[in-house]
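Have a look at the structure below, then the notes.
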Protein chains: 2
Amino acid sequence: MTSGDAVKAKAKYHHGDLRETLVRACYDLVAEKGAENFSLADACRLAGVSTAAPYKHFRDRDEVLALVVQRGFDEMSELSMAAVEKAGVGTLAGITAMGNAYVSFAVENQRLFRLMFGQHPVLKRQEGVMDEGTGCFSKVIEQVEIYCERNGVSGDPMAIAVRLWTFVHGASSLLIDQDYAVVAPGLDVAAMLEETTPLLLAVPSS
Amino acid sequence: MTSGDAVKAKAKYHHGDLRETLVRACYDLVAEKGAENFSLADACRLAGVSTAAPYKHFRDRDEVLALVVQRGFDEMSELSMAAVEKAGVGTLAGITAMGNAYVSFAVENQRLFRLMFGQHPVLKRQEGVMDEGTGCFSKVIEQVEIYCERNGVSGDPMAIAVRLWTFVHGASSLLIDQDYAVVAPGLDVAAMLEETTPLLLAVPSS
DNA sequence: TAACATATGTTAGATGCGCTAACTTGCTAA
DNA sequence: TTAGCAAGTTAGCGCATCTAACATATGTTA
């Protein structure tokens with residue numbers, strides 16, 4: 001808005017690059033303690049600056065968290081793409097691998113995953129936060145499209161992709177929130193995905 | 001209950017049932033503003049007591065929130081049972097109705113639903129919070145068992161119930177968190193459930 | 001009925017966080 | 001060289017959670 005020049009040289013003023021340092025510190029703190037136990041003041045202590053310093057770079061706490069979330073979607077996207085390319089583009093194995101990558105990301109980044117989805121709803125309203133997310137999803141549609149073409153499935157790839165996403169997201173959420181543990185301890189989520197993905201790729205009741 | 005009726009409450013120094021009043025106030029505040037914008041102090045003002053009063057009844061803020069969550073699972077359970085009994089015990093329609101009740105509860109109690117699942121993980125560790133939840137899930141298994149028997153489905157009812165729960169929970173989460181809105185605006189979740197439930201009730205072939 | 005014990009309120013205050021205002025420092029460009 | 005601005009600082013406000021010490025209602029018992 002009010003920033004004039006497109007200058008990228010932020011290095012070596014007083015601190016170095018405090019903006020990046022703070023985002024990184026917040027990312028790490030959220031990963032470690034969860035967003036519900038996170039304080040911007042802690043991040044300041046990690047970065048070695050006063051608690052007023054962030055406000056020279058960010059509007060408020062939520063703006064930093066939104067950047068953390070954005071970074072989370074970015075990484076998730078990369079992992080997802082890597083998985084499908086390794087397992088086979090447009091194949092059942094590739095699509096299943098994307099699902100497994102989604103769940104794996106959720107498990108290995110539980111607290112970040114919670115922040116990305118639902119824990120702090122206001123973050124998604126911020127500019128650009130969901131861009132990486134939508135990019136990731138369009139990759140799923142793409143894969144499903146290829147699969148449908150190759151295997152003569154006549155369903156709408158978009159609808160099928162939504163079903164897959166829904167299932168995989170539900171599995172991730174229930175798994176990291178320990179809800180499976182209560183009613184179905186020892187559930188093998190990877191096996192469930194392997195089993196269920198083909199069911200969801202079918203055309204409904206034609 | 002209106003404020004300060006001297007007849008009923010006698011303008012007491014002792015409140016009468018502050019414990020229940022506070023839980024109720026917290027429930028309402030969470031429903032209205034979300035747990036991330038909730039303060040116990042607000043609940044105290046609603047109840048007309050000092051901010052130190054709750055600590056005569058509860059260990060800390062989290063204990064009150066845990067009771068709110070418990071109450072949420074309780075209500076969800078009731079709605080779910082009512083739905084299946086209305087739509088038909090042990091039938092596809094009944095099972096689909098349970099799923100729709102789950103999603104409806106999530107939509108109509110978005111902020112409470114978030115608190116129940118994942119927003120504040122420590123709550124689930126509290127004694128008795130998940131009892132209602134497990135009771136609700138065992139009802140799902142029961143329905144699936146009857147369905148499988150009647151329709152000659154040879155799959156494990158437990159595994160099938162987990163699949164159904166996973167899908168329905170994913171749909172609820174993505175719907176209330178506005179994630180569908182970004183990639184699939186105007187998605188008809190009820191129709192998707194109707195379509196997908198039969199797929200998930202099938203035995204994974206091959 | 002008087003007196004004590006206990007449950008349940010109160011006020012005061014310690015500690016911590018988000019955020020703002022006002023001041024200071026040091027880089028950079030005219 | 002120096003004016004201007006970017007990016008730090010300290011001080012402080014308001015609000016939150018929770019504790020300690022004190023006050024009052026309730027009900028049990030002598």
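Residues in the structure tokens are named by chain (A, B, ... in the order shown) and by number from 1 within that chain; ligands are numbered from 1 in the order shown.
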
Superposed chain A (ref. Chain B, all C-alpha pairs in order) as an mmCIF file with C-alpha atoms, in the first residue's frame:
data_model
loop_
_atom_site.group_PDB
_atom_site.id
_atom_site.type_symbol
_atom_site.label_atom_id
_atom_site.label_comp_id
_atom_site.auth_asym_id
_atom_site.auth_seq_id
_atom_site.Cartn_x
_atom_site.Cartn_y
_atom_site.Cartn_z
ATOM 1 C CA MET A 1 -14.897 -32.706 45.512
ATOM 2 C CA THR A 2 -15.270 -30.308 48.394
ATOM 3 C CA SER A 3 -18.876 -29.470 47.716
ATOM 4 C CA GLY A 4 -20.936 -30.877 50.483
ATOM 5 C CA ASP A 5 -24.607 -30.911 49.766
ATOM 6 C CA ALA A 6 -26.382 -31.999 46.660
ATOM 7 C CA VAL A 7 -28.427 -28.877 46.698
ATOM 8 C CA LYS A 8 -29.839 -27.860 43.379
ATOM 9 C CA ALA A 9 -31.347 -24.583 44.433
ATOM 10 C CA LYS A 10 -28.905 -22.093 43.010
ATOM 11 C CA ALA A 11 -31.562 -19.647 42.025
ATOM 12 C CA LYS A 12 -31.829 -16.124 43.337
ATOM 13 C CA TYR A 13 -28.748 -15.521 45.373
ATOM 14 C CA HIS A 14 -27.267 -12.358 44.090
ATOM 15 C CA HIS A 15 -27.453 -12.759 40.388
ATOM 16 C CA GLY A 16 -29.828 -15.588 39.818
ATOM 17 C CA ASP A 17 -28.063 -18.555 38.313
ATOM 18 C CA LEU A 18 -24.754 -17.110 37.279
ATOM 19 C CA ARG A 19 -23.244 -20.487 36.525
ATOM 20 C CA GLU A 20 -25.816 -21.277 33.869
ATOM 21 C CA THR A 21 -25.883 -17.707 32.622
ATOM 22 C CA LEU A 22 -22.118 -17.729 32.066
ATOM 23 C CA VAL A 23 -22.063 -21.058 30.253
ATOM 24 C CA ARG A 24 -24.834 -19.831 28.028
ATOM 25 C CA ALA A 25 -23.038 -16.539 27.367
ATOM 26 C CA CYS A 26 -19.820 -18.381 26.507
ATOM 27 C CA TYR A 27 -21.696 -20.716 24.206
ATOM 28 C CA ASP A 28 -23.173 -17.757 22.375
ATOM 29 C CA LEU A 29 -19.899 -15.865 22.215
ATOM 30 C CA VAL A 30 -18.023 -18.870 20.849
ATOM 31 C CA ALA A 31 -20.742 -19.362 18.259
ATOM 32 C CA GLU A 32 -20.524 -15.723 17.280
ATOM 33 C CA LYS A 33 -16.820 -14.925 17.340
ATOM 34 C CA GLY A 34 -15.011 -18.242 17.556
ATOM 35 C CA ALA A 35 -13.028 -19.615 20.458
ATOM 36 C CA GLU A 36 -9.855 -17.930 19.249
ATOM 37 C CA ASN A 37 -11.476 -14.534 19.717
ATOM 38 C CA PHE A 38 -13.370 -15.399 22.838
ATOM 39 C CA SER A 39 -12.667 -13.919 26.249
ATOM 40 C CA LEU A 40 -14.203 -14.841 29.551
ATOM 41 C CA ALA A 41 -14.236 -11.140 30.346
ATOM 42 C CA ASP A 42 -16.625 -10.557 27.452
ATOM 43 C CA ALA A 43 -18.945 -13.188 28.841
ATOM 44 C CA CYS A 44 -18.849 -11.423 32.204
ATOM 45 C CA ARG A 45 -19.874 -8.169 30.606
ATOM 46 C CA LEU A 46 -22.741 -9.938 28.866
ATOM 47 C CA ALA A 47 -23.836 -11.399 32.184
ATOM 48 C CA GLY A 48 -23.395 -8.077 33.950
ATOM 49 C CA VAL A 49 -20.892 -9.242 36.557
ATOM 50 C CA SER A 50 -17.282 -8.485 37.358
ATOM 51 C CA THR A 51 -14.481 -10.421 35.671
ATOM 52 C CA ALA A 52 -13.643 -12.155 38.921
ATOM 53 C CA ALA A 53 -17.105 -13.618 39.365
ATOM 54 C CA PRO A 54 -16.647 -16.770 37.233
ATOM 55 C CA TYR A 55 -13.997 -18.095 39.562
ATOM 56 C CA LYS A 56 -16.612 -18.716 42.237
ATOM 57 C CA HIS A 57 -18.160 -21.263 39.875
ATOM 58 C CA PHE A 58 -15.380 -22.568 37.629
ATOM 59 C CA ARG A 59 -11.757 -23.496 38.117
ATOM 60 C CA ASP A 60 -10.632 -21.577 35.043
ATOM 61 C CA ARG A 61 -11.523 -20.506 31.531
ATOM 62 C CA ASP A 62 -10.969 -23.983 30.136
ATOM 63 C CA GLU A 63 -13.533 -25.504 32.459
ATOM 64 C CA VAL A 64 -16.222 -23.232 31.030
ATOM 65 C CA LEU A 65 -15.140 -23.981 27.468
ATOM 66 C CA ALA A 66 -15.288 -27.685 28.232
ATOM 67 C CA LEU A 67 -18.901 -27.287 29.306
ATOM 68 C CA VAL A 68 -19.619 -25.421 26.085
ATOM 69 C CA VAL A 69 -18.102 -28.289 24.119
ATOM 70 C CA GLN A 70 -20.119 -30.814 26.074
ATOM 71 C CA ARG A 71 -23.280 -28.908 25.261
ATOM 72 C CA GLY A 72 -22.237 -28.922 21.609
ATOM 73 C CA PHE A 73 -21.880 -32.699 21.538
ATOM 74 C CA ASP A 74 -25.208 -32.974 23.266
ATOM 75 C CA GLU A 75 -26.987 -30.982 20.597
ATOM 76 C CA MET A 76 -25.175 -32.746 17.781
ATOM 77 C CA SER A 77 -26.236 -36.063 19.232
ATOM 78 C CA GLU A 78 -29.862 -35.065 19.355
ATOM 79 C CA LEU A 79 -29.888 -33.786 15.791
ATOM 80 C CA SER A 80 -28.220 -36.959 14.604
ATOM 81 C CA MET A 81 -30.752 -39.223 16.285
ATOM 82 C CA ALA A 82 -33.638 -37.170 15.020
ATOM 83 C CA ALA A 83 -32.286 -37.419 11.487
ATOM 84 C CA VAL A 84 -31.918 -41.185 11.477
ATOM 85 C CA GLU A 85 -35.322 -41.759 12.983
ATOM 86 C CA LYS A 86 -36.918 -39.569 10.403
ATOM 87 C CA ALA A 87 -35.121 -41.114 7.424
ATOM 88 C CA GLY A 88 -35.417 -44.741 8.455
ATOM 89 C CA VAL A 89 -33.694 -46.836 11.105
ATOM 90 C CA GLY A 90 -31.095 -49.277 9.791
ATOM 91 C CA THR A 91 -31.456 -48.169 6.175
ATOM 92 C CA LEU A 92 -29.013 -46.653 3.730
ATOM 93 C CA ALA A 93 -31.119 -43.513 3.726
ATOM 94 C CA GLY A 94 -30.981 -43.365 7.517
ATOM 95 C CA ILE A 95 -27.237 -43.739 7.644
ATOM 96 C CA THR A 96 -26.778 -41.123 4.935
ATOM 97 C CA ALA A 97 -29.093 -38.826 6.858
ATOM 98 C CA MET A 98 -26.911 -39.146 9.935
ATOM 99 C CA GLY A 99 -23.942 -38.089 7.850
ATOM 100 C CA ASN A 100 -25.834 -35.148 6.455
ATOM 101 C CA ALA A 101 -26.900 -34.133 9.946
ATOM 102 C CA TYR A 102 -23.250 -34.215 11.015
ATOM 103 C CA VAL A 103 -22.202 -31.975 8.145
ATOM 104 C CA SER A 104 -25.161 -29.671 8.652
ATOM 105 C CA PHE A 105 -24.331 -29.247 12.298
ATOM 106 C CA ALA A 106 -20.746 -28.402 11.384
ATOM 107 C CA VAL A 107 -21.842 -25.827 8.835
ATOM 108 C CA GLU A 108 -24.441 -24.183 11.041
ATOM 109 C CA ASN A 109 -22.183 -24.186 14.076
ATOM 110 C CA GLN A 110 -18.787 -23.753 12.457
ATOM 111 C CA ARG A 111 -16.989 -22.102 15.338
ATOM 112 C CA LEU A 112 -18.437 -24.404 17.934
ATOM 113 C CA PHE A 113 -17.562 -27.419 15.780
ATOM 114 C CA ARG A 114 -13.955 -26.244 15.586
ATOM 115 C CA LEU A 115 -13.798 -25.946 19.338
ATOM 116 C CA MET A 116 -15.276 -29.429 19.736
ATOM 117 C CA PHE A 117 -12.592 -30.911 17.493
ATOM 118 C CA GLY A 118 -8.961 -29.990 17.697
ATOM 119 C CA GLN A 119 -8.920 -26.267 18.190
ATOM 120 C CA HIS A 120 -8.182 -26.497 21.894
ATOM 121 C CA PRO A 121 -6.962 -30.034 22.581
ATOM 122 C CA VAL A 122 -6.809 -29.753 26.369
ATOM 123 C CA LEU A 123 -10.606 -29.581 26.626
ATOM 124 C CA LYS A 124 -11.111 -33.218 25.711
ATOM 125 C CA ARG A 125 -9.095 -34.291 28.718
ATOM 126 C CA GLN A 126 -11.738 -32.873 31.034
ATOM 127 C CA GLU A 127 -14.114 -35.195 32.801
ATOM 128 C CA GLY A 128 -17.263 -36.112 30.908
ATOM 129 C CA VAL A 129 -16.689 -33.962 27.864
ATOM 130 C CA MET A 130 -16.660 -36.852 25.421
ATOM 131 C CA ASP A 131 -19.544 -38.812 26.911
ATOM 132 C CA GLU A 132 -22.099 -37.387 24.536
ATOM 133 C CA GLY A 133 -19.720 -37.922 21.638
ATOM 134 C CA THR A 134 -19.259 -41.608 22.311
ATOM 135 C CA GLY A 135 -22.979 -42.020 22.806
ATOM 136 C CA CYS A 136 -23.521 -40.496 19.396
ATOM 137 C CA PHE A 137 -20.998 -42.790 17.760
ATOM 138 C CA SER A 138 -22.447 -45.929 19.306
ATOM 139 C CA LYS A 139 -25.708 -44.919 17.651
ATOM 140 C CA VAL A 140 -23.912 -45.027 14.309
ATOM 141 C CA ILE A 141 -22.575 -48.503 14.989
ATOM 142 C CA GLU A 142 -26.054 -49.611 15.923
ATOM 143 C CA GLN A 143 -27.473 -48.381 12.635
ATOM 144 C CA VAL A 144 -24.688 -50.005 10.633
ATOM 145 C CA GLU A 145 -25.236 -53.266 12.476
ATOM 146 C CA ILE A 146 -28.892 -53.349 11.535
ATOM 147 C CA TYR A 147 -28.068 -52.409 7.970
ATOM 148 C CA CYS A 148 -25.453 -55.144 7.635
ATOM 149 C CA GLU A 149 -27.773 -57.762 9.010
ATOM 150 C CA ARG A 150 -30.610 -56.790 6.727
ATOM 151 C CA ASN A 151 -28.471 -56.527 3.622
ATOM 152 C CA GLY A 152 -26.159 -59.465 4.166
ATOM 153 C CA VAL A 153 -23.029 -57.401 4.446
ATOM 154 C CA SER A 154 -20.411 -59.492 6.198
ATOM 155 C CA GLY A 155 -18.022 -56.708 7.206
ATOM 156 C CA ASP A 156 -17.361 -55.622 10.765
ATOM 157 C CA PRO A 157 -19.980 -52.962 11.623
ATOM 158 C CA MET A 158 -17.510 -51.237 13.904
ATOM 159 C CA ALA A 159 -14.920 -50.878 11.135
ATOM 160 C CA ILE A 160 -17.576 -49.671 8.714
ATOM 161 C CA ALA A 161 -18.888 -47.115 11.170
ATOM 162 C CA VAL A 162 -15.377 -45.791 11.688
ATOM 163 C CA ARG A 163 -14.946 -45.403 7.935
ATOM 164 C CA LEU A 164 -18.210 -43.512 7.639
ATOM 165 C CA TRP A 165 -17.382 -41.250 10.550
ATOM 166 C CA THR A 166 -13.957 -40.573 9.094
ATOM 167 C CA PHE A 167 -15.353 -39.531 5.748
ATOM 168 C CA VAL A 168 -18.125 -37.399 7.153
ATOM 169 C CA HIS A 169 -15.810 -35.693 9.589
ATOM 170 C CA GLY A 170 -13.289 -34.964 6.865
ATOM 171 C CA ALA A 171 -16.001 -33.481 4.675
ATOM 172 C CA SER A 172 -17.243 -31.279 7.518
ATOM 173 C CA SER A 173 -13.782 -30.023 8.370
ATOM 174 C CA LEU A 174 -12.663 -29.256 4.836
ATOM 175 C CA LEU A 175 -15.979 -27.625 4.068
ATOM 176 C CA ILE A 176 -16.111 -25.194 6.985
ATOM 177 C CA ASP A 177 -12.411 -24.391 6.740
ATOM 178 C CA GLN A 178 -12.900 -23.295 3.131
ATOM 179 C CA ASP A 179 -10.439 -25.849 1.829
ATOM 180 C CA TYR A 180 -12.807 -27.197 -0.787
ATOM 181 C CA ALA A 181 -13.406 -23.661 -1.981
ATOM 182 C CA VAL A 182 -9.800 -23.340 -3.105
ATOM 183 C CA VAL A 183 -9.495 -26.508 -5.179
ATOM 184 C CA ALA A 184 -13.089 -27.435 -5.940
ATOM 185 C CA PRO A 185 -15.311 -24.379 -5.724
ATOM 186 C CA GLY A 186 -19.003 -25.097 -5.694
ATOM 187 C CA LEU A 187 -18.609 -28.685 -4.581
ATOM 188 C CA ASP A 188 -21.928 -30.259 -3.605
ATOM 189 C CA VAL A 189 -21.080 -32.015 -0.370
ATOM 190 C CA ALA A 190 -24.516 -33.529 0.114
ATOM 191 C CA ALA A 191 -24.291 -35.152 -3.306
ATOM 192 C CA MET A 192 -20.823 -36.421 -2.526
ATOM 193 C CA LEU A 193 -22.095 -38.010 0.671
ATOM 194 C CA GLU A 194 -24.994 -39.614 -1.157
ATOM 195 C CA GLU A 195 -22.551 -41.077 -3.652
ATOM 196 C CA THR A 196 -19.866 -42.164 -1.257
ATOM 197 C CA THR A 197 -21.818 -43.671 1.621
ATOM 198 C CA PRO A 198 -22.761 -46.813 -0.357
ATOM 199 C CA LEU A 199 -19.124 -47.272 -1.350
ATOM 200 C CA LEU A 200 -18.047 -47.212 2.268
ATOM 201 C CA LEU A 201 -20.769 -49.638 3.313
ATOM 202 C CA ALA A 202 -19.313 -52.295 1.041
ATOM 203 C CA VAL A 203 -17.022 -55.011 2.248
ATOM 204 C CA PRO A 204 -13.412 -54.395 1.250
ATOM 205 C CA SER A 205 -11.936 -56.795 -1.303
ATOM 206 C CA SER A 206 -13.414 -60.035 -0.032
#

Residue list for chain C near chain A as a VMD selection string, 8 Å, only C-alpha atoms (C1' of nucleotides): chain C and resid 17 to 19 26 to 27

Just to be explicit: take each residue in the selection above, keep C-alpha atoms (C1' of nucleotides), and write the result as a compact mmCIF listing (two decimals), in the first residue's frame.
# COMPACT_ATOMS: atom_id res chain seq x y z
C1' DC C 17 0.48 -10.80 26.10
C1' DG C 18 -0.92 -7.65 22.14
C1' DC C 19 -0.37 -3.43 20.64
C1' DG C 26 22.01 4.36 11.80
C1' DC C 27 21.70 3.66 6.60

Which of chain B DSSP labels helix (DSSP H, G or I), written as a PyMOL selection string: chain B and resi 6-9+18-33+35-37+40-47+53-56+61-87+92-108+110-116+121-125+131-151+157-176+179-183+189-200

For chain D, which residues have at least one atom within 8 Å of chain B, if we go by only C-alpha atoms (C1' of nucleotides)? Write them as a CSV table (one decimal) with C-alpha atoms (C1' of nucleotides), in the first residue's frame, please.
chain,number,residue,atom,x,y,z
D,16,DA,C1',-6.5,-11.9,30.2
D,17,DT,C1',-5.6,-15.9,33.6
D,18,DC,C1',-4.9,-17.2,38.0
D,24,DT,C1',-20.3,-13.7,53.9
D,25,DA,C1',-23.9,-17.1,53.5

Separation of C1' of DT15 (chain C) from C1' of DC22 (chain D) in Å: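 Going from C1' of DC22 (chain D) over to C1' of DT15 (chain C), I get 21.7 Å.
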
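Excluding DA29 (chain C) itself and any same-chain residue fewer than 6 positions from it, the protein and nucleic acid residues within 12 Å of it, counting only C-alpha atoms (C1' of nucleotides), are DT1, DT2, DA3, DG4 and DC5 of chain D.
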
Those residues with C-alpha atoms (C1' of nucleotides), as a compact mmCIF listing (two decimals), in the first residue's frame please?
# COMPACT_ATOMS: atom_id res chain seq x y z
C1' DT D 1 27.51 16.63 4.71
C1' DT D 2 23.34 16.27 6.07
C1' DA D 3 18.28 15.56 5.82
C1' DG D 4 15.11 11.95 5.83
C1' DC D 5 13.39 7.62 6.63
